[in-house]
Amino acid sequence: GTGCVLVINKWDQVVTVRMEHYLKVLRSRFHHLNEIPVVFTSGLTGRNVLQVLDTVCEVYDCYRKIISTPQLNQWLQKFIKIARMPSKGAKNFKLFYGTQVGAEPPVFTWFVNNKDLLETSFMRNMERQLKEYFKIQGVPIRFRFQNRRSETEGARK
């Protein structure tokens with residue numbers, strides 16, 4: 001539940017590999033590092049040492065980020081238009097609205113018609129799209145899905 005910055009030190013000693021190539025190989029082997037900022041440094045030469053602090057501050061800002069409900073739901077409407085919604089048989093998954101209920105790390109509650117229809121791949125795509133849109137990097141975000149009571153349920157109780 002914390003932020004992360006990957007710092008690769010002693011880069012002054014690497015002469016045969018370019019940073020871009022190393023980063024590409026690293027991310028292809030460790031997919032969970034895809035959204036974590038990486039800083040190549042050299043303590044000996046001082047290269048990018050100050051960039052580490054700047055990057056840590058950026059990740060900390062993401063960790064504490066608050067997204068207003070109107071902004072979140074505006075994004076949600078765009079996401080719904082492009083996403084392939086899960087379904088089982090004749091039942092289709094619907095996302096109604098969401099709100100941020102916590103920070104450090106960001107926590108979002110999404111109101112849906114039937115959370116049992118959720119698929120892991122859908123949640124991962126939703127998380128990736130949200131992070132990309134709101135420029136959240138290096139921190140986990142948490143999703144909670146809650147069934148919205150229908151009007152008929154409320155009338156019966």
# chains A, B, ... in the order shown; residues from 1 in each chain; ligands from 1
>>> residues_around(residues="Lys10 (chain A)", least_positions_apart="6", cutoff="12 Å", atoms="only C-alpha atoms", output="ChimeraX atom specification")
/A:39-49
>>> closest_atom_pairs(of="region 27-74 of chain A", to="region 100-110 of chain A", cutoff="10 Å", atoms="only C-alpha atoms", output="CSV")
residue,atom,partner,partner_atom,distance
A:Tyr60,CA,A:Glu104,CA,8.7
A:Asp61,CA,A:Glu104,CA,9.5
A:Cys62,CA,A:Pro105,CA,8.3
A:Tyr63,CA,A:Pro105,CA,5.1
A:Arg64,CA,A:Glu104,CA,5.1
A:Lys65,CA,A:Ala103,CA,6.5
A:Ile66,CA,A:Ala103,CA,6.7
A:Ile67,CA,A:Gln100,CA,6.6
A:Ser68,CA,A:Gln100,CA,7.3
A:Thr69,CA,A:Gln100,CA,6.8
A:Leu72,CA,A:Gln100,CA,8.0
A:Asn73,CA,A:Trp110,CA,9.9
>>> closest_residue(among="A:Leu95, A:Arg148, A:Phe79, A:Asp116", to="Gln129 (chain A)", atoms="only C-alpha atoms")
A:Phe79
>>> select_by_dssp(residues="region 12-85 of chain A", states="helix (DSSP H, G or I)", output="ChimeraX atom specification")
/A:12-13,19-29,31-33,49-63,69-82
>>> closest_residue(among="A:Ala83, A:Asn92, A:Gly138, A:Asn113", to="Met126 (chain A)", atoms="only C-alpha atoms")
A:Ala83
>>> residues_around(residues="region 16-22 of chain A", least_positions_apart="5", cutoff="12 Å", atoms="only C-alpha atoms", output="ChimeraX atom specification")
/A:8-9,11,27-29,38-41
>>> residues_around(residues="Lys115 (chain A)", least_positions_apart="4", cutoff="8 Å", atoms="only C-alpha atoms", output="list in words")
Phe93, Phe145, Gln146 and Asn147 of chain A
>>> residues_around(residues="Glu35 (chain A)", least_positions_apart="3", cutoff="9 Å", atoms="only C-alpha atoms", output="list in words")
His31, His32, Arg128, Lys131, Ile136, Gln137, Gly138 and Val139 of chain A
>>> atom_distance(atom1="CA of Pro37 (chain A)", atom2="CA of Leu6 (chain A)")
6.2 Å
>>> closest_residue(among="A:Phe96, A:Gly3, A:Asn125, A:Val112", to="Ile82 (chain A)", atoms="only C-alpha atoms")
A:Asn125
>>> atom_distance(atom1="CA of Val56 (chain A)", atom2="CA of Arg124 (chain A)")
24.3 Å
>>> closest_residue(among="A:Leu130, A:Val7, A:Ile141, A:Leu117", to="Gln51 (chain A)", atoms="only C-alpha atoms")
A:Val7
>>> closest_residue(among="A:Lys81, A:Glu132, A:Thr55, A:Lys88", to="Asn34 (chain A)", atoms="only C-alpha atoms")
A:Glu132
